[in-house]
Amino acid sequence: MAFTNTKDTYSPITKFFHWLLFILVTVMLIIGANLGNIPKAYKRTVIDFHKSLGLTILALMILWIIWAIFNRKPQYPHTMKLWEKILAKTVQKLLYICVLLMPLIGWLMSSAAGKYPVYFGWFTMKLPIIQSKPLAKFFSELHTIFAWIILGLVCLHIIGALKHHFIDKNNILMRMLP
């Protein structure tokens, strides 16, 4: 078993980052979409958890991007059309960027609102930003927009993987499965 990616498949470390982040981002999107439905008695706890998990995702994304910079990606099958390769690379890069920016925007929103995240109850994580309701509202709206963009990109990513597996019958999906 290779420690790093090869020309044919992803390493266990890359797969770990991929699937862990997929699960965490999915949980975050579900929590975020349902914050309005949380009973008041639990709302603060859920929001605090959401913020801490968001900061965890930010840290994991930074680590994954560093890992990706130093690891070659497996080659696409020769049967893939140029437009498919361009679309796949674009969706992947946009996912990286959006999943990196989403928690940062949430952190900026919390800081602008003066409601700093307390990382899993251990320590407060403040950003040096002016407290401002209009600024907090702007970041809140941006946070929501990024949630929708990430959801769309994840759907495109899944559809592409399934197309390659069931229609093209190549190894694109299999090389990322655990």
# chains A, B, ... in the order shown; residues from 1 in each chain; ligands from 1

$ select_by_dssp --residues "chain A" --states "strand (DSSP E)" --output "MDAnalysis selection string"
chainID A and resid 118:119 123:124

$ write_last_selection --atoms "all heavy atoms" --output "PDB file, in the first residue's frame"
ATOM      1  N   VAL A 118     -16.164  29.478  20.770  1.00  0.00           N
ATOM      2  CA  VAL A 118     -15.391  28.894  21.865  1.00  0.00           C
ATOM      3  C   VAL A 118     -15.172  27.448  21.448  1.00  0.00           C
ATOM      4  O   VAL A 118     -16.103  26.638  21.485  1.00  0.00           O
ATOM      5  CB  VAL A 118     -16.134  28.994  23.213  1.00  0.00           C
ATOM      6  CG1 VAL A 118     -15.295  28.374  24.323  1.00  0.00           C
ATOM      7  CG2 VAL A 118     -16.470  30.447  23.527  1.00  0.00           C
ATOM      8  N   TYR A 119     -13.959  27.160  21.009  1.00  0.00           N
ATOM      9  CA  TYR A 119     -13.666  25.878  20.375  1.00  0.00           C
ATOM     10  C   TYR A 119     -13.922  24.712  21.334  1.00  0.00           C
ATOM     11  O   TYR A 119     -13.162  24.467  22.250  1.00  0.00           O
ATOM     12  CB  TYR A 119     -12.223  25.862  19.857  1.00  0.00           C
ATOM     13  CG  TYR A 119     -11.936  24.679  18.972  1.00  0.00           C
ATOM     14  CD1 TYR A 119     -12.449  24.607  17.687  1.00  0.00           C
ATOM     15  CD2 TYR A 119     -11.173  23.614  19.433  1.00  0.00           C
ATOM     16  CE1 TYR A 119     -12.199  23.523  16.872  1.00  0.00           C
ATOM     17  CE2 TYR A 119     -10.918  22.525  18.627  1.00  0.00           C
ATOM     18  CZ  TYR A 119     -11.443  22.485  17.347  1.00  0.00           C
ATOM     19  OH  TYR A 119     -11.200  21.397  16.551  1.00  0.00           O
ATOM     20  N   PHE A 123     -11.413  27.129  24.401  1.00  0.00           N
ATOM     21  CA  PHE A 123     -10.822  28.464  24.310  1.00  0.00           C
ATOM     22  C   PHE A 123     -11.557  29.277  23.256  1.00  0.00           C
ATOM     23  O   PHE A 123     -12.085  28.738  22.293  1.00  0.00           O
ATOM     24  CB  PHE A 123      -9.320  28.407  23.999  1.00  0.00           C
ATOM     25  CG  PHE A 123      -8.966  27.536  22.828  1.00  0.00           C
ATOM     26  CD1 PHE A 123      -8.937  28.032  21.535  1.00  0.00           C
ATOM     27  CD2 PHE A 123      -8.649  26.190  23.022  1.00  0.00           C
ATOM     28  CE1 PHE A 123      -8.610  27.230  20.452  1.00  0.00           C
ATOM     29  CE2 PHE A 123      -8.326  25.375  21.942  1.00  0.00           C
ATOM     30  CZ  PHE A 123      -8.305  25.894  20.655  1.00  0.00           C
ATOM     31  N   THR A 124     -11.574  30.585  23.476  1.00  0.00           N
ATOM     32  CA  THR A 124     -12.246  31.508  22.576  1.00  0.00           C
ATOM     33  C   THR A 124     -11.328  31.837  21.409  1.00  0.00           C
ATOM     34  O   THR A 124     -10.137  32.054  21.587  1.00  0.00           O
ATOM     35  CB  THR A 124     -12.625  32.802  23.329  1.00  0.00           C
ATOM     36  OG1 THR A 124     -13.437  32.436  24.442  1.00  0.00           O
ATOM     37  CG2 THR A 124     -13.382  33.772  22.431  1.00  0.00           C
TER      38      THR A 124
END

$ residues_around --residues "Pro12 of chain A" --least-positions-apart "3" --cutoff "9 Å" --atoms "only C-alpha atoms" --output "JSON, numbers by chain"
{"A": [1, 2, 3, 4, 5, 15, 16, 17, 176, 178]}

$ write_last_selection --atoms "N, CA and C atoms" --output "mmCIF file, in the first residue's frame"
data_model
loop_
_atom_site.group_PDB
_atom_site.id
_atom_site.type_symbol
_atom_site.label_atom_id
_atom_site.label_comp_id
_atom_site.auth_asym_id
_atom_site.auth_seq_id
_atom_site.Cartn_x
_atom_site.Cartn_y
_atom_site.Cartn_z
ATOM 1 N N MET A 1 0.842 -1.179 0.000
ATOM 2 C CA MET A 1 0.000 0.000 0.000
ATOM 3 C C MET A 1 0.891 1.246 0.000
ATOM 4 N N ALA A 2 0.647 2.126 -0.936
ATOM 5 C CA ALA A 2 1.459 3.337 -1.066
ATOM 6 C C ALA A 2 1.053 4.368 -0.015
ATOM 7 N N PHE A 3 2.045 5.061 0.529
ATOM 8 C CA PHE A 3 1.805 6.117 1.514
ATOM 9 C C PHE A 3 1.280 7.374 0.831
ATOM 10 N N THR A 4 1.704 7.596 -0.406
ATOM 11 C CA THR A 4 1.268 8.766 -1.173
ATOM 12 C C THR A 4 0.443 8.313 -2.368
ATOM 13 N N ASN A 5 -0.187 9.262 -3.030
ATOM 14 C CA ASN A 5 -0.947 8.954 -4.237
ATOM 15 C C ASN A 5 -0.013 8.370 -5.283
ATOM 16 N N LYS A 15 -7.656 9.550 0.896
ATOM 17 C CA LYS A 15 -9.015 9.017 1.061
ATOM 18 C C LYS A 15 -9.588 9.414 2.417
ATOM 19 N N PHE A 16 -8.750 9.370 3.450
ATOM 20 C CA PHE A 16 -9.193 9.754 4.785
ATOM 21 C C PHE A 16 -9.665 11.202 4.798
ATOM 22 N N PHE A 17 -8.848 12.113 4.250
ATOM 23 C CA PHE A 17 -9.243 13.528 4.186
ATOM 24 C C PHE A 17 -10.546 13.685 3.402
ATOM 25 N N MET A 176 -11.125 6.147 -5.240
ATOM 26 C CA MET A 176 -11.299 6.980 -4.046
ATOM 27 C C MET A 176 -12.047 6.242 -2.938
ATOM 28 N N PRO A 178 -12.687 3.647 0.069
ATOM 29 C CA PRO A 178 -11.760 3.068 1.077
ATOM 30 C C PRO A 178 -11.414 1.609 0.771
#

$ closest_atom_pairs --of "segment 95-129 of chain A" --to "segment 42-58 of chain A" --cutoff "6 Å" --atoms "only C-alpha atoms" --output "tab-separated table"
residue	atom	partner	partner_atom	distance
A:Leu100	CA	A:Leu58	CA	5.7
A:Pro103	CA	A:Gly54	CA	5.1
A:Pro117	CA	A:Lys51	CA	5.9
A:Tyr119	CA	A:Ser52	CA	4.9
A:Phe120	CA	A:Ser52	CA	5.6

$ closest_residue --among "A:Ser111, A:Ala41, A:Ile145, A:Val154" --to "Leu21 of chain A" --atoms "only C-alpha atoms"
A:Val154

$ residues_around --residues "Phe22 of chain A" --least-positions-apart "6" --cutoff "12 Å" --atoms "only C-alpha atoms" --output "PyMOL selection string"
chain A and resi 15-16+28-29+57+60-61+95-96+99+150-151+153-155+157-158

$ atom_distance --atom1 "atom CA of Trp122 of chain A" --atom2 "atom CA of Ala59 of chain A"
16.2 Å

$ residues_around --residues "Lys137 of chain A" --least-positions-apart "3" --cutoff "10 Å" --atoms "only C-alpha atoms" --output "PyMOL selection string"
chain A and resi 109-110+112-113+132-134+140-143

$ atom_distance --atom1 "atom CA of Lys73 of chain A" --atom2 "atom CA of Ile105 of chain A"
28.6 Å

$ atom_distance --atom1 "atom CA of Gln92 of chain A" --atom2 "atom CA of Ile13 of chain A"
17.3 Å

$ closest_atom_pairs --of "segment 47-91 of chain A" --to "segment 160-169 of chain A" --cutoff "12 Å" --atoms "only C-alpha atoms" --output "tab-separated table"
residue	atom	partner	partner_atom	distance
A:Tyr76	CA	A:His164	CA	10.8
A:Pro77	CA	A:His164	CA	10.0
A:His78	CA	A:Asp168	CA	11.7
A:Thr79	CA	A:Asp168	CA	8.7
A:Met80	CA	A:Asp168	CA	8.8
A:Lys81	CA	A:Asp168	CA	11.2
A:Glu84	CA	A:Gly160	CA	8.9
A:Lys85	CA	A:Gly160	CA	10.7
A:Leu87	CA	A:Gly160	CA	9.3
A:Ala88	CA	A:Gly160	CA	7.7
A:Lys89	CA	A:Gly160	CA	11.4
A:Val91	CA	A:Gly160	CA	9.8

$ write_last_selection --atoms "N, CA, C and O atoms" --output "PDB file, in the first residue's frame"
ATOM      1  N   TYR A  76      -6.144  10.947 -15.069  1.00  0.00           N
ATOM      2  CA  TYR A  76      -7.473  10.632 -15.569  1.00  0.00           C
ATOM      3  C   TYR A  76      -7.345   9.544 -16.625  1.00  0.00           C
ATOM      4  O   TYR A  76      -6.326   9.454 -17.318  1.00  0.00           O
ATOM      5  N   PRO A  77      -8.399   8.741 -16.791  1.00  0.00           N
ATOM      6  CA  PRO A  77      -8.364   7.744 -17.877  1.00  0.00           C
ATOM      7  C   PRO A  77      -8.191   8.436 -19.233  1.00  0.00           C
ATOM      8  O   PRO A  77      -8.710   9.538 -19.441  1.00  0.00           O
ATOM      9  N   HIS A  78      -7.495   7.789 -20.117  1.00  0.00           N
ATOM     10  CA  HIS A  78      -7.253   8.360 -21.451  1.00  0.00           C
ATOM     11  C   HIS A  78      -8.553   8.520 -22.245  1.00  0.00           C
ATOM     12  O   HIS A  78      -8.600   9.298 -23.200  1.00  0.00           O
ATOM     13  N   THR A  79      -9.586   7.807 -21.825  1.00  0.00           N
ATOM     14  CA  THR A  79     -10.864   7.880 -22.535  1.00  0.00           C
ATOM     15  C   THR A  79     -11.672   9.125 -22.176  1.00  0.00           C
ATOM     16  O   THR A  79     -12.657   9.431 -22.839  1.00  0.00           O
ATOM     17  N   MET A  80     -11.256   9.838 -21.123  1.00  0.00           N
ATOM     18  CA  MET A  80     -11.993  11.053 -20.730  1.00  0.00           C
ATOM     19  C   MET A  80     -11.790  12.155 -21.754  1.00  0.00           C
ATOM     20  O   MET A  80     -10.674  12.390 -22.207  1.00  0.00           O
ATOM     21  N   LYS A  81     -12.880  12.831 -22.055  1.00  0.00           N
ATOM     22  CA  LYS A  81     -12.811  13.963 -22.981  1.00  0.00           C
ATOM     23  C   LYS A  81     -12.192  15.161 -22.270  1.00  0.00           C
ATOM     24  O   LYS A  81     -12.258  15.274 -21.046  1.00  0.00           O
ATOM     25  N   GLU A  84     -14.459  17.046 -19.957  1.00  0.00           N
ATOM     26  CA  GLU A  84     -14.716  16.341 -18.698  1.00  0.00           C
ATOM     27  C   GLU A  84     -13.569  16.570 -17.707  1.00  0.00           C
ATOM     28  O   GLU A  84     -13.807  16.760 -16.515  1.00  0.00           O
ATOM     29  N   LYS A  85     -12.349  16.551 -18.218  1.00  0.00           N
ATOM     30  CA  LYS A  85     -11.187  16.792 -17.363  1.00  0.00           C
ATOM     31  C   LYS A  85     -11.207  18.215 -16.813  1.00  0.00           C
ATOM     32  O   LYS A  85     -10.948  18.443 -15.627  1.00  0.00           O
ATOM     33  N   LEU A  87     -13.880  20.170 -16.461  1.00  0.00           N
ATOM     34  CA  LEU A  87     -14.993  20.276 -15.517  1.00  0.00           C
ATOM     35  C   LEU A  87     -14.632  19.628 -14.181  1.00  0.00           C
ATOM     36  O   LEU A  87     -14.884  20.206 -13.114  1.00  0.00           O
ATOM     37  N   ALA A  88     -14.029  18.448 -14.220  1.00  0.00           N
ATOM     38  CA  ALA A  88     -13.654  17.748 -12.988  1.00  0.00           C
ATOM     39  C   ALA A  88     -12.658  18.581 -12.175  1.00  0.00           C
ATOM     40  O   ALA A  88     -12.821  18.763 -10.959  1.00  0.00           O
ATOM     41  N   LYS A  89     -11.639  19.099 -12.827  1.00  0.00           N
ATOM     42  CA  LYS A  89     -10.636  19.919 -12.131  1.00  0.00           C
ATOM     43  C   LYS A  89     -11.255  21.195 -11.569  1.00  0.00           C
ATOM     44  O   LYS A  89     -10.947  21.604 -10.449  1.00  0.00           O
ATOM     45  N   VAL A  91     -14.489  21.762 -10.721  1.00  0.00           N
ATOM     46  CA  VAL A  91     -15.367  21.448  -9.591  1.00  0.00           C
ATOM     47  C   VAL A  91     -14.532  21.135  -8.354  1.00  0.00           C
ATOM     48  O   VAL A  91     -14.818  21.630  -7.258  1.00  0.00           O
TER      49      VAL A  91
END

$ select_by_dssp --residues "chain A" --states "alpha helix (DSSP H)" --output "MDAnalysis selection string"
chainID A and resid 12:34 40:69 82:112 133:162
